[in-house]
Amino acid sequence: MHSSLMKTLLGATLALLLSACATGPHIDRSYTSENQDSRALFLVLHYTVIDWEKSLRVLTTGGQVSSHYLVRDEPARSYLLVDENRRAWHAGPSFWAGHTHLNASSIGIEIVNAGYVDGPNGRVYATFPEAQVNEVVALVKDIVARHQIRPERIIGHADIAPGRKQDPGPNFPWKRLADEGIIPWPDAAQVQVKQLQFEAQMPDATWFQDKLARVGYNLPRNGEMDAMTRDVLSTFQMKYRPSDYAGLPDAETAALLEVMLSPGGLLLNASGSAATPKPKPYTSRW
């Protein structure tokens, strides 16, 4: 009888201990601090270089690469692959405006697109279907609204890894994002005036390196138009002047850089409508 009682007491004690462990700490969630923001500081856009089926397989299985979202081409649809509160493996070695290892502080969107092919007439990039672009725009707006990501922190993979990466490429419609009020854009009227000035006297390599670094790119400051500097120039041109992204310094590229880094030079369509006649000046925090 004594042994049976001891076993009963021991079992009850054990049950109580297990119950206590299962309930965990008693957390009171009555208070919320005002001093906080999202862990997602950046939004990075990519293309996959492969078709839908392969893209889905690579991004969801053992390929050591992932993204938060995958935007299909046909039909145009967004798929959540990694919860936004978790880190996806999409940025790799990366740098933007003093920030490194952007996997930890970004949301990644992969867009199904064939990328480019090198042929006898040079490199040819694939286009993006209109329906897919519309889907990307809607997805970006949704993410930005929820995380309050700053407009100048909506960037491409090429921006954070110039030379090593080219996506989303020169056919991605960054200007469409500007027309939708998502990212700021250099004032075309000011660019035209500055371009005439730079045609009379072009700045040197040091000037270009300084301006590109102020935008956010990682590049040497050696005063030489070396391969890395040309890669960064090409990346910048793909985004803001996709008609010519040879990576060579010219008056138009200089004007774009000068205007976007000058007070009142960047404009942001605050209404999110391309029909707005007068976008507001945007003060970037580069």
# chains A, B, ... in the order shown; residues from 1 in each chain; ligands from 1

$ residues_around --residues "segment 148-156 of chain A" --least-positions-apart "3" --cutoff "10 Å" --atoms "only C-alpha atoms" --output "short mmCIF file (atom, residue, chain, number, x, y, z; two decimals) with C-alpha atoms, in the first residue's frame"
data_model
loop_
_atom_site.label_atom_id
_atom_site.label_comp_id
_atom_site.auth_asym_id
_atom_site.auth_seq_id
_atom_site.Cartn_x
_atom_site.Cartn_y
_atom_site.Cartn_z
CA ASP A 37 10.28 49.45 -36.98
CA SER A 38 10.27 46.49 -39.32
CA ARG A 39 13.25 44.15 -39.57
CA ALA A 40 12.74 44.42 -43.35
CA LEU A 41 14.71 47.52 -44.33
CA PHE A 42 15.16 46.63 -48.00
CA LEU A 43 13.17 45.09 -50.83
CA VAL A 44 15.32 43.31 -53.43
CA LEU A 45 14.06 42.33 -56.89
CA HIS A 46 15.54 39.42 -58.86
CA TYR A 47 14.91 37.36 -61.96
CA ALA A 91 20.98 38.33 -51.57
CA TRP A 96 23.98 48.92 -50.19
CA ALA A 97 24.56 52.34 -48.63
CA SER A 106 15.52 42.41 -46.64
CA ILE A 107 12.56 40.84 -48.37
CA GLY A 108 13.36 39.15 -51.67
CA ILE A 109 11.14 38.80 -54.74
CA VAL A 140 5.73 45.57 -54.04
CA LYS A 141 3.09 48.08 -53.00
CA ASP A 142 1.65 45.61 -50.50
CA ILE A 143 5.03 44.81 -48.93
CA VAL A 144 6.13 48.44 -48.77
CA ALA A 145 2.85 49.51 -47.14
CA ASP A 159 22.51 47.13 -57.26
CA ILE A 160 23.78 45.19 -54.26
CA ALA A 161 26.16 42.95 -56.25
CA PRO A 162 27.20 44.88 -59.40
CA LYS A 165 24.67 39.96 -60.81
CA GLN A 166 22.62 41.68 -63.53
CA ASP A 167 19.04 41.04 -62.41
CA PRO A 168 16.39 42.15 -62.83
CA GLY A 169 18.10 43.49 -65.99
CA PHE A 172 12.66 45.51 -65.91
CA TRP A 174 11.88 50.67 -63.02
CA LEU A 177 7.62 51.77 -60.38
CA ALA A 178 8.44 55.48 -60.34
CA GLY A 181 4.84 56.33 -56.74
CA ILE A 182 6.96 53.45 -55.45
CA ILE A 183 10.47 54.78 -56.08
CA PRO A 184 11.81 58.30 -56.69
CA TRP A 185 13.10 59.36 -60.12
CA VAL A 215 23.87 56.63 -54.25
CA GLY A 216 24.68 53.43 -52.36
CA THR A 235 24.22 48.70 -63.32
CA LYS A 239 18.08 51.16 -64.07
CA LEU A 268 8.25 61.02 -56.02
CA TYR A 282 11.74 63.59 -52.54
CA THR A 283 14.50 63.92 -50.00
CA SER A 284 16.46 60.68 -49.99
CA ARG A 285 18.33 59.62 -46.87
CA TRP A 286 21.28 58.15 -48.79
#

$ residues_around --residues "Arg123 of chain A" --least-positions-apart "3" --cutoff "12 Å" --atoms "only C-alpha atoms" --output "list in words"
Gly115, Tyr116, Val117, Asp118, Gly119, Pro120, Ala126, Gln166, Gly169, Pro170, Tyr245 and Ala246 of chain A

$ write_last_selection --atoms "C-alpha atoms" --output "PDB file, in the first residue's frame"
ATOM      1  CA  GLY A 115      17.455  36.482 -68.010  1.00  0.00           C
ATOM      2  CA  TYR A 116      19.786  36.893 -70.972  1.00  0.00           C
ATOM      3  CA  VAL A 117      21.546  35.021 -73.754  1.00  0.00           C
ATOM      4  CA  ASP A 118      24.827  35.996 -75.377  1.00  0.00           C
ATOM      5  CA  GLY A 119      24.643  35.756 -79.161  1.00  0.00           C
ATOM      6  CA  PRO A 120      26.557  36.934 -82.220  1.00  0.00           C
ATOM      7  CA  ALA A 126      14.212  38.638 -71.978  1.00  0.00           C
ATOM      8  CA  GLN A 166      22.620  41.679 -63.534  1.00  0.00           C
ATOM      9  CA  GLY A 169      18.096  43.488 -65.991  1.00  0.00           C
ATOM     10  CA  PRO A 170      17.545  46.459 -68.323  1.00  0.00           C
ATOM     11  CA  TYR A 245      24.170  50.442 -70.399  1.00  0.00           C
ATOM     12  CA  ALA A 246      27.671  50.019 -71.840  1.00  0.00           C
TER      13      ALA A 246
END

$ closest_residue --among "A:Val112, A:Asp28, A:Glu34, A:Met228" --to "Leu56 of chain A" --atoms "only C-alpha atoms"
A:Val112

$ residues_around --residues "Thr60 of chain A" --least-positions-apart "5" --cutoff "9 Å" --atoms "only C-alpha atoms" --output "short mmCIF file (atom, residue, chain, number, x, y, z; two decimals) with C-alpha atoms, in the first residue's frame"
data_model
loop_
_atom_site.label_atom_id
_atom_site.label_comp_id
_atom_site.auth_asym_id
_atom_site.auth_seq_id
_atom_site.Cartn_x
_atom_site.Cartn_y
_atom_site.Cartn_z
CA SER A 55 12.39 28.12 -60.32
CA VAL A 65 18.80 29.50 -52.26
CA SER A 66 15.34 30.89 -51.52
CA SER A 67 13.24 34.03 -51.64
CA LEU A 81 7.80 30.68 -50.15
CA VAL A 82 9.38 32.06 -46.96
#

$ residues_around --residues "Asp244 of chain A" --least-positions-apart "3" --cutoff "12 Å" --atoms "only C-alpha atoms" --output "list in words"
Pro170, Asn171, Leu233, Ser234, Thr235, Phe236, Gln237, Met238, Lys239, Tyr240, Arg241, Gly247, Leu248, Pro249, Asp250, Glu252 and Thr253 of chain A

$ write_last_selection --atoms "C-alpha atoms" --output "mmCIF file, in the first residue's frame"
data_model
loop_
_atom_site.group_PDB
_atom_site.id
_atom_site.type_symbol
_atom_site.label_atom_id
_atom_site.label_comp_id
_atom_site.auth_asym_id
_atom_site.auth_seq_id
_atom_site.Cartn_x
_atom_site.Cartn_y
_atom_site.Cartn_z
ATOM 1 C CA PRO A 170 17.545 46.459 -68.323
ATOM 2 C CA ASN A 171 14.072 45.312 -69.407
ATOM 3 C CA LEU A 233 28.128 52.392 -64.060
ATOM 4 C CA SER A 234 26.455 49.756 -66.220
ATOM 5 C CA THR A 235 24.217 48.699 -63.321
ATOM 6 C CA PHE A 236 23.194 52.304 -62.697
ATOM 7 C CA GLN A 237 22.505 52.843 -66.400
ATOM 8 C CA MET A 238 20.399 49.667 -66.642
ATOM 9 C CA LYS A 239 18.085 51.163 -64.070
ATOM 10 C CA TYR A 240 17.928 54.835 -65.025
ATOM 11 C CA ARG A 241 18.980 54.832 -68.710
ATOM 12 C CA GLY A 247 29.193 51.111 -68.528
ATOM 13 C CA LEU A 248 30.977 54.087 -70.089
ATOM 14 C CA PRO A 249 30.889 57.561 -68.523
ATOM 15 C CA ASP A 250 28.883 60.074 -70.532
ATOM 16 C CA GLU A 252 23.617 61.919 -69.573
ATOM 17 C CA THR A 253 24.789 59.495 -66.876
#

$ select_by_dssp --residues "segment 89-226 of chain A" --states "alpha helix (DSSP H)" --output "PDB file with N, CA and C atoms, in the first residue's frame"
ATOM      1  N   GLU A 130       3.336  41.955 -69.479  1.00  0.00           N
ATOM      2  CA  GLU A 130       2.644  43.050 -68.808  1.00  0.00           C
ATOM      3  C   GLU A 130       1.887  42.573 -67.572  1.00  0.00           C
ATOM      4  N   ALA A 131       1.221  41.424 -67.683  1.00  0.00           N
ATOM      5  CA  ALA A 131       0.463  40.908 -66.536  1.00  0.00           C
ATOM      6  C   ALA A 131       1.396  40.605 -65.372  1.00  0.00           C
ATOM      7  N   GLN A 132       2.592  40.113 -65.651  1.00  0.00           N
ATOM      8  CA  GLN A 132       3.555  39.818 -64.593  1.00  0.00           C
ATOM      9  C   GLN A 132       4.056  41.105 -63.949  1.00  0.00           C
ATOM     10  N   VAL A 133       4.311  42.119 -64.758  1.00  0.00           N
ATOM     11  CA  VAL A 133       4.732  43.415 -64.217  1.00  0.00           C
ATOM     12  C   VAL A 133       3.648  43.981 -63.302  1.00  0.00           C
ATOM     13  N   ASN A 134       2.403  43.894 -63.735  1.00  0.00           N
ATOM     14  CA  ASN A 134       1.296  44.371 -62.897  1.00  0.00           C
ATOM     15  C   ASN A 134       1.262  43.636 -61.559  1.00  0.00           C
ATOM     16  N   GLU A 135       1.525  42.340 -61.585  1.00  0.00           N
ATOM     17  CA  GLU A 135       1.537  41.542 -60.358  1.00  0.00           C
ATOM     18  C   GLU A 135       2.685  41.958 -59.444  1.00  0.00           C
ATOM     19  N   VAL A 136       3.862  42.191 -60.034  1.00  0.00           N
ATOM     20  CA  VAL A 136       5.018  42.631 -59.245  1.00  0.00           C
ATOM     21  C   VAL A 136       4.738  43.983 -58.602  1.00  0.00           C
ATOM     22  N   VAL A 137       4.171  44.908 -59.370  1.00  0.00           N
ATOM     23  CA  VAL A 137       3.855  46.238 -58.835  1.00  0.00           C
ATOM     24  C   VAL A 137       2.904  46.125 -57.649  1.00  0.00           C
ATOM     25  N   ALA A 138       1.852  45.317 -57.794  1.00  0.00           N
ATOM     26  CA  ALA A 138       0.886  45.147 -56.700  1.00  0.00           C
ATOM     27  C   ALA A 138       1.544  44.524 -55.477  1.00  0.00           C
ATOM     28  N   LEU A 139       2.414  43.537 -55.694  1.00  0.00           N
ATOM     29  CA  LEU A 139       3.098  42.874 -54.581  1.00  0.00           C
ATOM     30  C   LEU A 139       4.043  43.837 -53.868  1.00  0.00           C
ATOM     31  N   VAL A 140       4.807  44.598 -54.638  1.00  0.00           N
ATOM     32  CA  VAL A 140       5.733  45.566 -54.043  1.00  0.00           C
ATOM     33  C   VAL A 140       4.980  46.590 -53.210  1.00  0.00           C
ATOM     34  N   LYS A 141       3.894  47.107 -53.745  1.00  0.00           N
ATOM     35  CA  LYS A 141       3.091  48.084 -52.997  1.00  0.00           C
ATOM     36  C   LYS A 141       2.604  47.499 -51.676  1.00  0.00           C
ATOM     37  N   ASP A 142       2.172  46.268 -51.705  1.00  0.00           N
ATOM     38  CA  ASP A 142       1.654  45.609 -50.503  1.00  0.00           C
ATOM     39  C   ASP A 142       2.747  45.457 -49.451  1.00  0.00           C
ATOM     40  N   ILE A 143       3.915  45.004 -49.875  1.00  0.00           N
ATOM     41  CA  ILE A 143       5.029  44.807 -48.935  1.00  0.00           C
ATOM     42  C   ILE A 143       5.493  46.135 -48.357  1.00  0.00           C
ATOM     43  N   VAL A 144       5.652  47.123 -49.218  1.00  0.00           N
ATOM     44  CA  VAL A 144       6.125  48.438 -48.773  1.00  0.00           C
ATOM     45  C   VAL A 144       5.149  49.066 -47.780  1.00  0.00           C
ATOM     46  N   ALA A 145       3.866  48.926 -48.034  1.00  0.00           N
ATOM     47  CA  ALA A 145       2.855  49.507 -47.140  1.00  0.00           C
ATOM     48  C   ALA A 145       2.913  48.878 -45.752  1.00  0.00           C
ATOM     49  N   ARG A 146       3.164  47.583 -45.705  1.00  0.00           N
ATOM     50  CA  ARG A 146       3.178  46.889 -44.416  1.00  0.00           C
ATOM     51  C   ARG A 146       4.471  47.099 -43.634  1.00  0.00           C
ATOM     52  N   HIS A 147       5.581  47.277 -44.338  1.00  0.00           N
ATOM     53  CA  HIS A 147       6.880  47.401 -43.664  1.00  0.00           C
ATOM     54  C   HIS A 147       7.467  48.809 -43.713  1.00  0.00           C
ATOM     55  N   HIS A 157      18.886  43.143 -57.502  1.00  0.00           N
ATOM     56  CA  HIS A 157      20.017  42.309 -57.105  1.00  0.00           C
ATOM     57  C   HIS A 157      21.323  42.881 -57.646  1.00  0.00           C
ATOM     58  N   ALA A 158      21.273  43.426 -58.866  1.00  0.00           N
ATOM     59  CA  ALA A 158      22.469  44.008 -59.465  1.00  0.00           C
ATOM     60  C   ALA A 158      22.985  45.196 -58.655  1.00  0.00           C
ATOM     61  N   ASP A 159      22.086  45.960 -58.047  1.00  0.00           N
ATOM     62  CA  ASP A 159      22.507  47.126 -57.260  1.00  0.00           C
ATOM     63  C   ASP A 159      23.383  46.721 -56.076  1.00  0.00           C
ATOM     64  N   ILE A 160      23.058  45.596 -55.463  1.00  0.00           N
ATOM     65  CA  ILE A 160      23.776  45.189 -54.257  1.00  0.00           C
ATOM     66  C   ILE A 160      24.942  44.248 -54.558  1.00  0.00           C
ATOM     67  N   TRP A 174      11.735  49.861 -64.229  1.00  0.00           N
ATOM     68  CA  TRP A 174      11.885  50.674 -63.020  1.00  0.00           C
ATOM     69  C   TRP A 174      11.088  51.979 -63.120  1.00  0.00           C
ATOM     70  N   LYS A 175      11.037  52.537 -64.341  1.00  0.00           N
ATOM     71  CA  LYS A 175      10.282  53.790 -64.514  1.00  0.00           C
ATOM     72  C   LYS A 175       8.802  53.572 -64.189  1.00  0.00           C
ATOM     73  N   ARG A 176       8.293  52.396 -64.469  1.00  0.00           N
ATOM     74  CA  ARG A 176       6.902  52.088 -64.111  1.00  0.00           C
ATOM     75  C   ARG A 176       6.720  52.169 -62.597  1.00  0.00           C
ATOM     76  N   LEU A 177       7.691  51.677 -61.839  1.00  0.00           N
ATOM     77  CA  LEU A 177       7.619  51.770 -60.384  1.00  0.00           C
ATOM     78  C   LEU A 177       7.647  53.225 -59.941  1.00  0.00           C
ATOM     79  N   ALA A 178       8.413  54.046 -60.663  1.00  0.00           N
ATOM     80  CA  ALA A 178       8.436  55.475 -60.342  1.00  0.00           C
ATOM     81  C   ALA A 178       7.085  56.113 -60.652  1.00  0.00           C
ATOM     82  N   ASP A 179       6.503  55.770 -61.797  1.00  0.00           N
ATOM     83  CA  ASP A 179       5.195  56.328 -62.163  1.00  0.00           C
ATOM     84  C   ASP A 179       4.116  55.922 -61.170  1.00  0.00           C
ATOM     85  N   ALA A 188      13.425  64.990 -64.993  1.00  0.00           N
ATOM     86  CA  ALA A 188      13.885  64.986 -66.383  1.00  0.00           C
ATOM     87  C   ALA A 188      14.294  66.373 -66.854  1.00  0.00           C
ATOM     88  N   ALA A 189      13.582  67.415 -66.430  1.00  0.00           N
ATOM     89  CA  ALA A 189      13.912  68.774 -66.858  1.00  0.00           C
ATOM     90  C   ALA A 189      15.290  69.185 -66.338  1.00  0.00           C
ATOM     91  N   GLN A 190      15.573  68.864 -65.072  1.00  0.00           N
ATOM     92  CA  GLN A 190      16.883  69.188 -64.512  1.00  0.00           C
ATOM     93  C   GLN A 190      17.984  68.361 -65.170  1.00  0.00           C
ATOM     94  N   VAL A 191      17.687  67.112 -65.486  1.00  0.00           N
ATOM     95  CA  VAL A 191      18.676  66.254 -66.144  1.00  0.00           C
ATOM     96  C   VAL A 191      19.059  66.831 -67.500  1.00  0.00           C
ATOM     97  N   GLN A 192      18.081  67.334 -68.234  1.00  0.00           N
ATOM     98  CA  GLN A 192      18.344  67.891 -69.551  1.00  0.00           C
ATOM     99  C   GLN A 192      19.282  69.098 -69.464  1.00  0.00           C
ATOM    100  N   VAL A 193      19.052  69.950 -68.488  1.00  0.00           N
ATOM    101  CA  VAL A 193      19.912  71.130 -68.311  1.00  0.00           C
ATOM    102  C   VAL A 193      21.322  70.717 -67.930  1.00  0.00           C
ATOM    103  N   LYS A 194      21.438  69.801 -66.982  1.00  0.00           N
ATOM    104  CA  LYS A 194      22.753  69.354 -66.525  1.00  0.00           C
ATOM    105  C   LYS A 194      23.506  68.616 -67.631  1.00  0.00           C
ATOM    106  N   GLN A 195      22.786  67.891 -68.464  1.00  0.00           N
ATOM    107  CA  GLN A 195      23.442  67.140 -69.530  1.00  0.00           C
ATOM    108  C   GLN A 195      24.175  68.074 -70.486  1.00  0.00           C
ATOM    109  N   LEU A 196      23.564  69.196 -70.805  1.00  0.00           N
ATOM    110  CA  LEU A 196      24.214  70.178 -71.671  1.00  0.00           C
ATOM    111  C   LEU A 196      25.494  70.702 -71.037  1.00  0.00           C
ATOM    112  N   GLN A 197      25.460  70.912 -69.736  1.00  0.00           N
ATOM    113  CA  GLN A 197      26.652  71.400 -69.030  1.00  0.00           C
ATOM    114  C   GLN A 197      27.765  70.361 -69.060  1.00  0.00           C
ATOM    115  N   PHE A 198      27.409  69.094 -68.844  1.00  0.00           N
ATOM    116  CA  PHE A 198      28.417  68.037 -68.819  1.00  0.00           C
ATOM    117  C   PHE A 198      28.942  67.708 -70.219  1.00  0.00           C
ATOM    118  N   GLU A 199      28.154  67.993 -71.241  1.00  0.00           N
ATOM    119  CA  GLU A 199      28.658  67.798 -72.598  1.00  0.00           C
ATOM    120  C   GLU A 199      29.785  68.772 -72.902  1.00  0.00           C
ATOM    121  N   ALA A 200      29.741  69.921 -72.242  1.00  0.00           N
ATOM    122  CA  ALA A 200      30.813  70.902 -72.418  1.00  0.00           C
ATOM    123  C   ALA A 200      32.063  70.509 -71.647  1.00  0.00           C
ATOM    124  N   ALA A 205      36.984  60.260 -63.443  1.00  0.00           N
ATOM    125  CA  ALA A 205      36.597  58.998 -62.810  1.00  0.00           C
ATOM    126  C   ALA A 205      36.342  59.170 -61.318  1.00  0.00           C
ATOM    127  N   THR A 206      37.136  60.001 -60.658  1.00  0.00           N
ATOM    128  CA  THR A 206      36.953  60.233 -59.225  1.00  0.00           C
ATOM    129  C   THR A 206      35.558  60.779 -58.939  1.00  0.00           C
ATOM    130  N   TRP A 207      35.102  61.700 -59.775  1.00  0.00           N
ATOM    131  CA  TRP A 207      33.767  62.293 -59.611  1.00  0.00           C
ATOM    132  C   TRP A 207      32.697  61.220 -59.723  1.00  0.00           C
ATOM    133  N   PHE A 208      32.783  60.380 -60.759  1.00  0.00           N
ATOM    134  CA  PHE A 208      31.797  59.327 -60.942  1.00  0.00           C
ATOM    135  C   PHE A 208      31.811  58.351 -59.764  1.00  0.00           C
ATOM    136  N   GLN A 209      32.980  57.974 -59.300  1.00  0.00           N
ATOM    137  CA  GLN A 209      33.065  57.036 -58.179  1.00  0.00           C
ATOM    138  C   GLN A 209      32.443  57.625 -56.922  1.00  0.00           C
ATOM    139  N   ASP A 210      32.686  58.896 -56.695  1.00  0.00           N
ATOM    140  CA  ASP A 210      32.121  59.542 -55.507  1.00  0.00           C
ATOM    141  C   ASP A 210      30.594  59.587 -55.572  1.00  0.00           C
ATOM    142  N   LYS A 211      30.053  59.966 -56.729  1.00  0.00           N
ATOM    143  CA  LYS A 211      28.597  60.058 -56.870  1.00  0.00           C
ATOM    144  C   LYS A 211      27.937  58.682 -56.741  1.00  0.00           C
ATOM    145  N   LEU A 212      28.506  57.683 -57.397  1.00  0.00           N
ATOM    146  CA  LEU A 212      27.929  56.342 -57.339  1.00  0.00           C
ATOM    147  C   LEU A 212      27.957  55.778 -55.919  1.00  0.00           C
ATOM    148  N   ALA A 213      29.033  56.065 -55.193  1.00  0.00           N
ATOM    149  CA  ALA A 213      29.125  55.618 -53.799  1.00  0.00           C
ATOM    150  C   ALA A 213      28.079  56.315 -52.939  1.00  0.00           C
ATOM    151  N   ARG A 214      27.804  57.579 -53.223  1.00  0.00           N
ATOM    152  CA  ARG A 214      26.792  58.309 -52.463  1.00  0.00           C
ATOM    153  C   ARG A 214      25.386  57.771 -52.744  1.00  0.00           C
ATOM    154  N   VAL A 215      25.157  57.263 -53.940  1.00  0.00           N
ATOM    155  CA  VAL A 215      23.874  56.632 -54.249  1.00  0.00           C
ATOM    156  C   VAL A 215      23.681  55.372 -53.415  1.00  0.00           C
TER     157      VAL A 215
END
